[in-house]
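Have a look at entry-v6.txt below; it lists compact mmCIF, C-alpha atoms.
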```txt
# COMPACT_ATOMS: atom_id res chain seq x y z
CA VAL A 4 -30.94 -55.83 17.44
CA ILE A 5 -28.81 -52.86 18.57
CA PRO A 6 -25.44 -54.72 18.61
CA VAL A 7 -26.27 -56.41 15.29
CA VAL A 8 -27.24 -53.20 13.48
CA GLY A 9 -24.38 -51.29 15.08
CA GLY A 10 -21.82 -53.92 14.10
CA SER A 11 -23.08 -54.95 10.67
CA VAL A 12 -24.44 -51.65 9.34
CA ILE A 13 -23.08 -48.63 11.23
CA LYS A 14 -19.52 -49.86 11.81
CA PRO A 15 -18.72 -50.69 8.15
CA TRP A 16 -20.23 -47.38 7.04
CA LEU A 17 -18.34 -45.35 9.63
CA SER A 18 -15.06 -47.18 8.96
CA ARG A 19 -15.07 -45.95 5.35
CA LYS A 20 -15.25 -42.28 6.33
CA ALA A 21 -12.20 -40.01 6.18
CA TRP A 22 -13.07 -38.55 9.59
CA ARG A 23 -13.18 -41.96 11.29
CA GLU A 24 -10.05 -41.50 13.43
CA ASN A 25 -11.04 -38.03 14.63
CA PHE A 26 -14.52 -39.31 15.42
CA ILE A 27 -13.12 -42.10 17.58
CA THR A 28 -10.62 -39.81 19.32
CA ARG A 29 -13.23 -37.17 20.10
CA SER A 30 -15.77 -39.74 21.25
CA GLN A 31 -13.15 -41.34 23.48
CA ALA A 32 -12.30 -37.95 24.99
CA SER A 33 -15.92 -36.99 25.56
CA LEU A 34 -16.65 -40.25 27.38
CA SER A 35 -13.52 -39.92 29.50
CA LYS A 36 -13.68 -36.24 30.41
CA GLY A 37 -17.44 -35.85 30.59
CA PHE A 38 -18.51 -39.16 32.14
CA PHE A 39 -15.30 -40.76 33.52
CA ILE A 40 -15.68 -43.72 31.13
CA ASP A 41 -12.31 -44.91 29.80
CA LEU A 42 -12.49 -47.19 26.78
CA ASP A 43 -9.78 -48.17 24.32
CA ARG A 44 -10.23 -47.17 20.68
CA ALA A 45 -11.77 -50.46 19.55
CA ALA A 46 -14.27 -50.42 22.42
CA THR A 47 -15.03 -46.75 21.75
CA LEU A 48 -15.83 -47.49 18.13
CA GLU A 49 -18.12 -50.36 19.09
CA PHE A 50 -19.81 -48.25 21.78
CA MET A 51 -20.43 -45.33 19.43
CA CYS A 52 -21.82 -47.56 16.67
CA GLY A 53 -24.28 -48.97 19.17
CA LEU A 54 -25.05 -45.48 20.47
CA LEU A 55 -26.08 -44.27 17.02
CA VAL A 56 -28.62 -47.10 16.83
CA ILE A 57 -29.85 -46.31 20.35
CA LEU A 58 -30.35 -42.67 19.39
CA ALA A 59 -32.45 -43.80 16.43
CA GLN A 60 -34.54 -45.83 18.88
CA HIS A 61 -34.89 -42.75 21.09
CA GLY A 62 -36.10 -40.78 18.08
CA VAL A 63 -38.74 -43.39 17.26
CA GLY A 64 -39.89 -43.56 20.89
CA ALA A 65 -40.23 -39.78 21.07
CA ALA A 66 -42.06 -39.63 17.75
CA LEU A 67 -44.66 -42.11 18.99
CA CYS A 68 -45.53 -39.67 21.78
CA VAL A 69 -45.97 -36.65 19.49
CA PRO A 70 -49.63 -37.27 18.49
CA ALA A 71 -50.72 -37.32 22.15
CA VAL A 72 -48.49 -34.51 23.40
CA LEU A 73 -48.31 -31.97 20.58
CA LEU A 74 -51.09 -32.75 18.11
CA GLY A 75 -54.02 -33.41 20.44
CA CYS A 76 -55.08 -36.48 18.48
CA ASP A 77 -57.85 -38.89 19.43
CA PRO A 78 -56.82 -40.42 22.78
CA THR A 79 -58.25 -43.80 21.83
CA TRP A 80 -55.19 -44.36 19.65
CA SER A 81 -52.71 -41.59 20.53
CA HIS A 82 -52.47 -42.55 24.21
CA PRO A 83 -51.65 -46.22 23.51
CA LEU A 84 -49.15 -45.00 20.92
CA ALA A 85 -47.44 -42.83 23.53
CA CYS A 86 -47.35 -45.79 25.92
CA HIS A 87 -45.64 -47.82 23.21
CA GLY A 88 -43.15 -44.97 22.81
CA ALA A 89 -42.25 -45.23 26.50
CA LEU A 90 -42.19 -49.04 26.26
CA CYS A 91 -39.74 -48.72 23.38
CA GLU A 92 -37.29 -47.07 25.77
CA ALA A 93 -37.87 -49.61 28.54
CA GLY A 94 -37.40 -52.45 26.05
CA TYR A 95 -34.03 -51.09 24.96
CA GLU A 96 -32.97 -50.71 28.60
CA LEU A 97 -33.98 -54.27 29.49
CA SER A 98 -32.10 -55.64 26.48
CA ASP A 99 -29.05 -53.59 27.46
CA VAL A 100 -29.08 -54.98 31.00
CA LEU A 101 -29.39 -58.56 29.76
CA THR A 102 -26.74 -58.11 27.06
CA ARG A 103 -24.18 -56.60 29.42
CA ALA A 104 -24.89 -59.19 32.12
CA TYR A 105 -24.26 -61.98 29.60
CA GLN A 106 -21.07 -60.33 28.32
CA LEU A 107 -19.72 -59.90 31.83
CA ALA A 108 -20.59 -63.45 32.85
CA ALA A 109 -19.74 -65.45 29.74
CA LEU A 110 -17.70 -63.36 27.28
CA PRO A 111 -14.38 -62.24 28.80
CA GLU A 112 -13.35 -60.55 25.54
CA LYS A 113 -16.40 -58.24 25.82
CA ARG A 114 -15.90 -57.16 29.43
CA SER A 115 -13.94 -54.09 28.37
CA LEU A 116 -17.17 -52.72 26.89
CA SER A 117 -18.70 -52.41 30.37
CA PRO A 118 -16.26 -50.63 32.71
CA PRO A 119 -17.61 -49.88 36.21
CA PRO A 120 -18.26 -46.13 35.60
CA LEU A 121 -20.37 -46.98 32.55
CA LEU A 122 -22.34 -49.58 34.50
CA VAL A 123 -23.06 -47.02 37.23
CA LEU A 124 -24.15 -44.44 34.65
CA LEU A 125 -26.40 -46.94 32.87
CA GLY A 126 -27.88 -48.07 36.18
CA VAL A 127 -28.83 -44.48 37.00
CA HIS A 128 -30.20 -43.95 33.49
CA HIS A 129 -32.18 -47.19 33.27
CA ALA A 130 -33.79 -46.96 36.71
CA MET A 131 -36.69 -44.77 35.62
CA GLY A 132 -37.70 -46.72 32.52
CA LEU A 133 -37.35 -50.17 34.07
CA SER A 134 -39.22 -49.29 37.26
CA MET A 135 -41.95 -46.94 36.02
CA VAL A 136 -42.98 -47.67 32.42
CA VAL A 137 -44.83 -50.96 32.87
CA PRO A 138 -46.76 -49.80 36.00
CA MET A 139 -47.66 -46.56 34.25
CA ASN A 140 -48.87 -48.36 31.14
CA LEU A 141 -51.02 -50.66 33.26
CA HIS A 142 -52.50 -48.18 35.72
CA TYR A 143 -52.13 -44.62 34.37
CA PRO A 144 -51.81 -44.89 30.58
CA SER A 145 -53.57 -41.57 29.90
CA ALA A 146 -51.58 -39.31 32.22
CA PRO A 147 -50.49 -36.38 30.01
CA TRP A 148 -47.31 -35.67 31.99
CA TYR A 149 -46.26 -39.31 31.43
CA HIS A 150 -46.53 -38.94 27.67
CA GLU A 151 -44.68 -35.62 27.74
CA GLY A 152 -41.90 -36.96 29.93
CA ALA A 153 -41.34 -39.94 27.63
CA MET A 154 -41.22 -37.63 24.61
CA LEU A 155 -38.89 -35.07 26.19
CA LEU A 156 -36.35 -37.49 27.65
CA GLN A 157 -36.00 -39.53 24.47
CA GLY A 158 -36.30 -36.64 22.04
CA ALA A 159 -33.75 -34.43 23.79
CA ALA A 160 -31.20 -37.24 23.88
CA ALA A 161 -31.73 -38.04 20.20
CA VAL A 162 -31.36 -34.43 19.07
CA ALA A 163 -28.48 -33.34 21.31
CA LEU A 164 -26.35 -36.48 21.06
CA LEU A 165 -26.80 -36.85 17.30
CA LEU A 166 -25.69 -33.23 16.91
CA GLN A 167 -22.71 -33.93 19.15
CA CYS A 168 -21.78 -36.98 17.08
CA TYR A 169 -21.99 -34.82 13.97
CA GLY A 170 -19.67 -32.33 15.64
CA PHE A 171 -17.10 -35.10 16.15
CA THR A 172 -16.81 -35.37 12.35
CA LEU A 173 -15.95 -31.68 11.81
CA ASP A 174 -12.57 -30.04 11.25
CA ILE A 175 -12.82 -27.02 13.56
CA THR A 176 -9.80 -25.35 11.95
CA ARG A 177 -12.06 -24.53 8.99
CA PRO A 178 -14.30 -21.48 9.64
CA SER A 179 -17.36 -23.13 8.07
CA HIS A 180 -16.90 -26.25 10.18
CA LEU A 181 -16.35 -24.20 13.33
CA ARG A 182 -19.63 -22.37 12.70
CA GLN A 183 -21.39 -25.72 12.27
CA MET A 184 -19.85 -26.94 15.53
CA GLN A 185 -21.01 -23.83 17.36
CA LEU A 186 -24.52 -24.08 15.95
CA SER A 187 -24.86 -27.79 16.70
CA LEU A 188 -23.68 -27.31 20.29
CA ALA A 189 -25.98 -24.32 20.83
CA VAL A 190 -29.03 -26.19 19.50
CA GLY A 191 -28.14 -29.26 21.55
CA TRP A 192 -27.70 -27.15 24.69
CA VAL A 193 -31.11 -25.50 24.26
CA ALA A 194 -32.78 -28.88 23.70
CA LEU A 195 -31.16 -30.40 26.78
CA PHE A 196 -31.65 -27.37 29.04
CA TYR A 197 -35.37 -27.28 28.32
CA SER A 198 -36.10 -31.01 28.11
CA ARG A 199 -33.75 -32.39 30.77
CA GLY A 200 -33.52 -29.29 32.93
CA LEU A 201 -36.34 -26.80 33.18
CA ARG A 202 -39.25 -28.85 31.90
CA TYR A 203 -37.95 -32.10 33.39
CA ALA A 204 -38.16 -30.65 36.91
CA GLN A 205 -41.73 -29.50 36.30
CA VAL A 206 -42.88 -32.85 34.92
CA ALA A 207 -41.17 -34.78 37.74
CA LEU A 208 -42.88 -32.66 40.39
CA GLU A 209 -46.20 -33.05 38.60
CA ALA A 210 -45.77 -36.83 38.70
CA VAL A 211 -45.01 -36.86 42.44
CA PHE A 212 -48.02 -34.64 43.26
CA PHE A 213 -50.24 -36.75 40.99
CA PHE A 214 -49.43 -39.94 42.89
CA GLU A 215 -49.92 -38.15 46.19
CA ARG A 216 -53.42 -37.08 45.13
CA GLU A 217 -54.15 -40.61 43.93
CA GLY A 218 -53.03 -42.11 47.25
CA ALA A 219 -50.53 -44.31 45.38
CA ALA A 220 -47.76 -44.36 47.99
CA GLY A 221 -45.65 -47.00 46.25
CA MET A 222 -45.76 -45.20 42.90
CA ARG A 223 -44.96 -41.92 44.64
CA ARG A 224 -41.85 -43.39 46.29
CA GLY A 225 -40.81 -44.94 43.00
CA ALA A 226 -41.26 -41.63 41.21
CA LEU A 227 -39.19 -39.80 43.81
CA VAL A 228 -36.27 -42.24 43.54
CA ALA A 229 -36.39 -42.55 39.74
CA SER A 230 -36.73 -38.78 39.26
CA ALA A 231 -33.80 -38.10 41.59
CA LEU A 232 -31.57 -40.58 39.77
CA MET A 233 -32.50 -39.28 36.33
CA GLY A 234 -32.10 -35.73 37.64
CA ALA A 235 -28.52 -36.51 38.67
CA MET A 236 -27.87 -37.91 35.20
CA ASN A 237 -29.35 -34.77 33.65
CA VAL A 238 -27.08 -32.54 35.74
CA LEU A 239 -24.02 -34.46 34.55
CA VAL A 240 -25.11 -34.22 30.91
CA LEU A 241 -25.90 -30.49 31.19
CA LEU A 242 -22.55 -29.73 32.83
CA GLU A 243 -20.71 -31.58 30.07
CA ILE A 244 -22.46 -29.86 27.16
CA THR A 245 -22.44 -26.43 28.85
CA GLY A 246 -18.67 -26.49 29.31
CA LYS A 247 -18.10 -27.60 25.74
CA THR A 248 -20.56 -25.07 24.31
CA LEU A 249 -18.99 -22.14 26.18
CA LYS A 250 -15.54 -23.11 24.95
CA PHE A 251 -16.57 -23.11 21.32
CA LEU A 252 -18.89 -20.11 21.30
CA ARG A 253 -16.09 -17.80 22.44
CA LEU A 254 -14.10 -18.60 19.28
CA SER A 255 -14.38 -16.51 16.16
CA ALA A 256 -15.48 -18.39 13.05
CA LYS A 257 -14.10 -15.67 10.79
CA THR A 258 -10.99 -16.27 8.73
CA PRO A 259 -8.25 -14.35 10.57
CA ALA A 260 -6.06 -11.70 9.02
CA PRO A 261 -2.67 -13.06 7.91
CA GLU A 262 -0.84 -11.40 10.83
CA ASP A 263 -3.30 -12.98 13.31
CA ALA A 264 -3.35 -16.44 11.74
CA PRO A 265 -0.60 -18.10 13.86
CA ALA A 266 -2.21 -17.11 17.16
CA HIS A 267 -5.69 -18.05 15.89
CA PHE A 268 -4.69 -21.53 14.82
CA GLU A 269 -2.67 -22.07 17.98
CA GLU A 270 -5.81 -21.29 19.99
CA LEU A 271 -7.83 -23.76 17.93
CA GLN A 272 -5.15 -26.42 18.40
CA ASP A 273 -5.11 -25.82 22.17
CA LEU A 274 -8.91 -26.11 22.30
CA ALA A 275 -8.87 -29.30 20.26
CA GLU A 276 -6.27 -30.85 22.53
CA ASP A 277 -8.01 -29.64 25.70
CA SER A 278 -11.63 -30.54 24.99
CA LEU A 279 -11.58 -33.03 22.15
CA SER A 280 -8.44 -35.11 22.46
CA ALA A 281 -8.17 -38.35 24.39
CA PRO A 282 -5.45 -39.24 26.88
CA ALA A 283 -4.14 -41.92 24.53
CA GLY A 284 -4.35 -42.72 20.85
CA PRO A 285 -3.66 -40.85 17.60
CA ALA A 286 -3.71 -37.08 17.76
CA LEU A 287 -6.33 -35.02 16.02
CA ALA A 288 -5.71 -33.88 12.48
CA PRO A 289 -3.04 -31.17 12.55
CA ILE A 290 -3.92 -27.52 12.02
CA ARG A 291 -3.70 -26.63 8.36
CA PRO A 292 -2.39 -23.35 6.95
CA LEU A 293 -4.77 -20.70 5.64
CA ALA A 294 -4.07 -21.67 2.06
CA ALA A 295 -5.57 -25.08 2.72
CA LEU A 296 -8.86 -23.73 4.12
```
For this file, produce the structure as structure tokens.
Amino acid sequence: VIPVVGGSVIKPWLSRKAWRENFITRSQASLSKGFFIDLDRAATLEFMCGLLVILAQHGVGAALCVPAVLLGCDPTWSHPLACHGALCEAGYELSDVLTRAYQLAALPEKRSLSPPPLLVLLGVHHAMGLSMVVPMNLHYPSAPWYHEGAMLLQGAAAVALLLQCYGFTLDITRPSHLRQMQLSLAVGWVALFYSRGLRYAQVALEAVFFFEREGAAGMRRGALVASALMGAMNVLVLLEITGKTLKFLRLSAKTPAPEDAPAHFEELQDLAEDSLSAPAGPALAPIRPLAAL
């Protein structure tokens, strides 16, 4: 479903947008500089179209957990709903593993979509869902920390990465767009710091202690390994968004005085080339004069 929707719905829509080239360039740079994943422009476009569908899936999975976690609804239906929310994530991950395995084995023209760094990153990311969701649904479907963890991990990714994708469409040489970029990065950072940093550590420890009290040694070992792998992924994501957020928040979103305009726009151009441009491919849109803003 994800490749079909990404290719037949998202890709045609995105290809008609005026900001398409900047979006691809900035996505390519973010993958390369933040996660060491080098894709050509065609593969980047295909990856990002699929990612937008995946983020929608993450949003649905997180929403299914809300009645149990935040609303205190009747557990006879809210707990199974939360389990389905977690299963939604595991289902995507299983389909991703099978799809990439098939592409690598039988479709040489698709192998560029799965470079080794991406496979390592996905392996780290998928370990928790593929190893823990089904056992949890079978044996501990009413554990509140399980529902919260499923909601936080999916919800934080949906919010922060959708905001980042929106930022890739902005022209940061325009004060209004720069303010939107700063706001989107700040909101995304807060969401990730709480959900994949502070609260993630608390929920992971709660899970380990829960299994220890239950005498479930196998589940405890699985939780330790999965939590450590996802924790490493979270650190990488937080480092990437923290660096980008700090770079943009130090910039002024005010229209500069005429005598300060050359230096201001040179700084914006340097930032664009440093944090948002890819090692290869078309350059970002050139800085425009004040009269064009």
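Of note, CA of Pro70 in chain A and CA of Ala159 in chain A are spaced 17.0 Å apart.
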For Ala93 in chain A, the closest of A:Leu48, A:Leu141, A:Val123, A:Ala153 counting all atoms listed in the file is A:Ala153
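Neighbouring residues of range 99-105 of chain A at 9 Å or closer, counting only C-alpha atoms and skipping chain neighbours under 3 positions away, are Ile5, Gly94, Tyr95, Glu96, Ala108, Ala109, Leu110, Lys113, Arg114, Leu116, Ser117, Leu122, Leu125, Gly126 and His129 of chain A.
Ranking A:Gly10, A:Gly152, A:Gly191, A:Gly221 by their shortest atom-to-atom distance to Leu165 in chain A, with all atoms listed in the file included, puts A:Gly191 first.
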Straight-line distance linking CA of Gln157 in chain A with CA of Cys76 in chain A, stated in Å to one decimal: 20.2 Å
Find the spatial neighbours of range 166-174 of chain A, counting only C-alpha atoms, within a cut-off of 10 Å - ignore same-chain residues fewer than 6 positions away - and output them as a ChimeraX atom specification. /A:20-30,33,51,54-55,160,180-181,183-191,244,275,279,287-291
Of A:Phe214, A:Glu92, A:Arg177, A:Met236, the one sitting nearest Ala161 in chain A when using only C-alpha atoms is A:Glu92
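If you look at CA of Phe196 in chain A and CA of Val69 in chain A, they are 19.6 Å away from each other.
The protein and nucleic acid residues lying at most 9 Å from Leu84 in chain A are A:Leu67, A:Cys68, A:Pro70, A:Ala71, A:Trp80, A:Ser81, A:His87, A:Gly88, A:Ala89, with only C-alpha atoms considered and sequence neighbours fewer than 3 positions away removed.
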Keeping only C-alpha atoms, write those residues as a PDB file, in the frame of the given file.
```
ATOM      1  CA  LEU A  67     -44.660 -42.110  18.990  1.00  0.00           C
ATOM      2  CA  CYS A  68     -45.530 -39.670  21.780  1.00  0.00           C
ATOM      3  CA  PRO A  70     -49.630 -37.270  18.490  1.00  0.00           C
ATOM      4  CA  ALA A  71     -50.720 -37.320  22.150  1.00  0.00           C
ATOM      5  CA  TRP A  80     -55.190 -44.360  19.650  1.00  0.00           C
ATOM      6  CA  SER A  81     -52.710 -41.590  20.530  1.00  0.00           C
ATOM      7  CA  HIS A  87     -45.640 -47.820  23.210  1.00  0.00           C
ATOM      8  CA  GLY A  88     -43.150 -44.970  22.810  1.00  0.00           C
ATOM      9  CA  ALA A  89     -42.250 -45.230  26.500  1.00  0.00           C
TER      10      ALA A  89
END
```
Complete range 83-94 of chain A with all heavy atoms (output as a PDB file, in the coordinates of the input).
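Result written to result-v3.pdb:
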```
ATOM      1  N   PRO A  83     -52.393 -44.956  23.621  1.00  0.00           N
ATOM      2  CA  PRO A  83     -51.650 -46.220  23.510  1.00  0.00           C
ATOM      3  C   PRO A  83     -50.352 -46.087  22.718  1.00  0.00           C
ATOM      4  O   PRO A  83     -49.360 -46.739  23.030  1.00  0.00           O
ATOM      5  CB  PRO A  83     -52.647 -47.149  22.804  1.00  0.00           C
ATOM      6  CG  PRO A  83     -53.988 -46.588  23.136  1.00  0.00           C
ATOM      7  CD  PRO A  83     -53.789 -45.105  23.185  1.00  0.00           C
ATOM      8  N   LEU A  84     -50.366 -45.208  21.701  1.00  0.00           N
ATOM      9  CA  LEU A  84     -49.150 -45.000  20.920  1.00  0.00           C
ATOM     10  C   LEU A  84     -48.042 -44.399  21.782  1.00  0.00           C
ATOM     11  O   LEU A  84     -46.874 -44.809  21.701  1.00  0.00           O
ATOM     12  CB  LEU A  84     -49.450 -44.085  19.730  1.00  0.00           C
ATOM     13  CG  LEU A  84     -48.476 -44.128  18.548  1.00  0.00           C
ATOM     14  CD1 LEU A  84     -48.496 -45.502  17.894  1.00  0.00           C
ATOM     15  CD2 LEU A  84     -48.840 -43.051  17.530  1.00  0.00           C
ATOM     16  N   ALA A  85     -48.417 -43.437  22.631  1.00  0.00           N
ATOM     17  CA  ALA A  85     -47.440 -42.830  23.530  1.00  0.00           C
ATOM     18  C   ALA A  85     -46.918 -43.864  24.534  1.00  0.00           C
ATOM     19  O   ALA A  85     -45.721 -43.869  24.868  1.00  0.00           O
ATOM     20  CB  ALA A  85     -48.054 -41.650  24.268  1.00  0.00           C
ATOM     21  N   CYS A  86     -47.797 -44.729  25.009  1.00  0.00           N
ATOM     22  CA  CYS A  86     -47.350 -45.790  25.920  1.00  0.00           C
ATOM     23  C   CYS A  86     -46.366 -46.725  25.236  1.00  0.00           C
ATOM     24  O   CYS A  86     -45.390 -47.176  25.853  1.00  0.00           O
ATOM     25  CB  CYS A  86     -48.557 -46.575  26.439  1.00  0.00           C
ATOM     26  SG  CYS A  86     -49.616 -45.639  27.573  1.00  0.00           S
ATOM     27  N   HIS A  87     -46.599 -46.998  23.967  1.00  0.00           N
ATOM     28  CA  HIS A  87     -45.640 -47.820  23.210  1.00  0.00           C
ATOM     29  C   HIS A  87     -44.315 -47.079  23.040  1.00  0.00           C
ATOM     30  O   HIS A  87     -43.241 -47.705  23.025  1.00  0.00           O
ATOM     31  CB  HIS A  87     -46.216 -48.177  21.840  1.00  0.00           C
ATOM     32  CG  HIS A  87     -47.185 -49.315  21.878  1.00  0.00           C
ATOM     33  ND1 HIS A  87     -46.819 -50.606  22.216  1.00  0.00           N
ATOM     34  CD2 HIS A  87     -48.509 -49.368  21.611  1.00  0.00           C
ATOM     35  CE1 HIS A  87     -47.873 -51.401  22.168  1.00  0.00           C
ATOM     36  NE2 HIS A  87     -48.919 -50.671  21.809  1.00  0.00           N
ATOM     37  N   GLY A  88     -44.379 -45.744  22.895  1.00  0.00           N
ATOM     38  CA  GLY A  88     -43.150 -44.970  22.810  1.00  0.00           C
ATOM     39  C   GLY A  88     -42.310 -45.099  24.073  1.00  0.00           C
ATOM     40  O   GLY A  88     -41.088 -45.262  24.011  1.00  0.00           O
ATOM     41  N   ALA A  89     -42.963 -45.039  25.240  1.00  0.00           N
ATOM     42  CA  ALA A  89     -42.250 -45.230  26.500  1.00  0.00           C
ATOM     43  C   ALA A  89     -41.752 -46.677  26.627  1.00  0.00           C
ATOM     44  O   ALA A  89     -40.636 -46.930  27.100  1.00  0.00           O
ATOM     45  CB  ALA A  89     -43.157 -44.887  27.674  1.00  0.00           C
ATOM     46  N   LEU A  90     -42.576 -47.633  26.186  1.00  0.00           N
ATOM     47  CA  LEU A  90     -42.190 -49.040  26.260  1.00  0.00           C
ATOM     48  C   LEU A  90     -40.997 -49.337  25.353  1.00  0.00           C
ATOM     49  O   LEU A  90     -40.184 -50.218  25.651  1.00  0.00           O
ATOM     50  CB  LEU A  90     -43.377 -49.921  25.878  1.00  0.00           C
ATOM     51  CG  LEU A  90     -43.307 -51.400  26.252  1.00  0.00           C
ATOM     52  CD1 LEU A  90     -43.192 -51.572  27.762  1.00  0.00           C
ATOM     53  CD2 LEU A  90     -44.535 -52.128  25.725  1.00  0.00           C
ATOM     54  N   CYS A  91     -40.884 -48.591  24.274  1.00  0.00           N
ATOM     55  CA  CYS A  91     -39.740 -48.720  23.380  1.00  0.00           C
ATOM     56  C   CYS A  91     -38.439 -48.444  24.122  1.00  0.00           C
ATOM     57  O   CYS A  91     -37.440 -49.150  23.969  1.00  0.00           O
ATOM     58  CB  CYS A  91     -39.915 -47.764  22.190  1.00  0.00           C
ATOM     59  SG  CYS A  91     -38.623 -47.836  20.944  1.00  0.00           S
ATOM     60  N   GLU A  92     -38.462 -47.408  24.961  1.00  0.00           N
ATOM     61  CA  GLU A  92     -37.290 -47.070  25.770  1.00  0.00           C
ATOM     62  C   GLU A  92     -37.018 -48.150  26.814  1.00  0.00           C
ATOM     63  O   GLU A  92     -35.873 -48.589  26.992  1.00  0.00           O
ATOM     64  CB  GLU A  92     -37.500 -45.717  26.448  1.00  0.00           C
ATOM     65  CG  GLU A  92     -36.461 -45.357  27.485  1.00  0.00           C
ATOM     66  CD  GLU A  92     -35.106 -45.023  26.894  1.00  0.00           C
ATOM     67  OE1 GLU A  92     -35.002 -44.932  25.654  1.00  0.00           O
ATOM     68  OE2 GLU A  92     -34.146 -44.854  27.671  1.00  0.00           O
ATOM     69  N   ALA A  93     -38.059 -48.585  27.517  1.00  0.00           N
ATOM     70  CA  ALA A  93     -37.870 -49.610  28.540  1.00  0.00           C
ATOM     71  C   ALA A  93     -37.374 -50.918  27.918  1.00  0.00           C
ATOM     72  O   ALA A  93     -36.570 -51.636  28.528  1.00  0.00           O
ATOM     73  CB  ALA A  93     -39.181 -49.846  29.290  1.00  0.00           C
ATOM     74  N   GLY A  94     -37.851 -51.240  26.728  1.00  0.00           N
ATOM     75  CA  GLY A  94     -37.400 -52.450  26.050  1.00  0.00           C
ATOM     76  C   GLY A  94     -35.924 -52.400  25.718  1.00  0.00           C
ATOM     77  O   GLY A  94     -35.193 -53.395  25.908  1.00  0.00           O
TER      78      GLY A  94
END
```
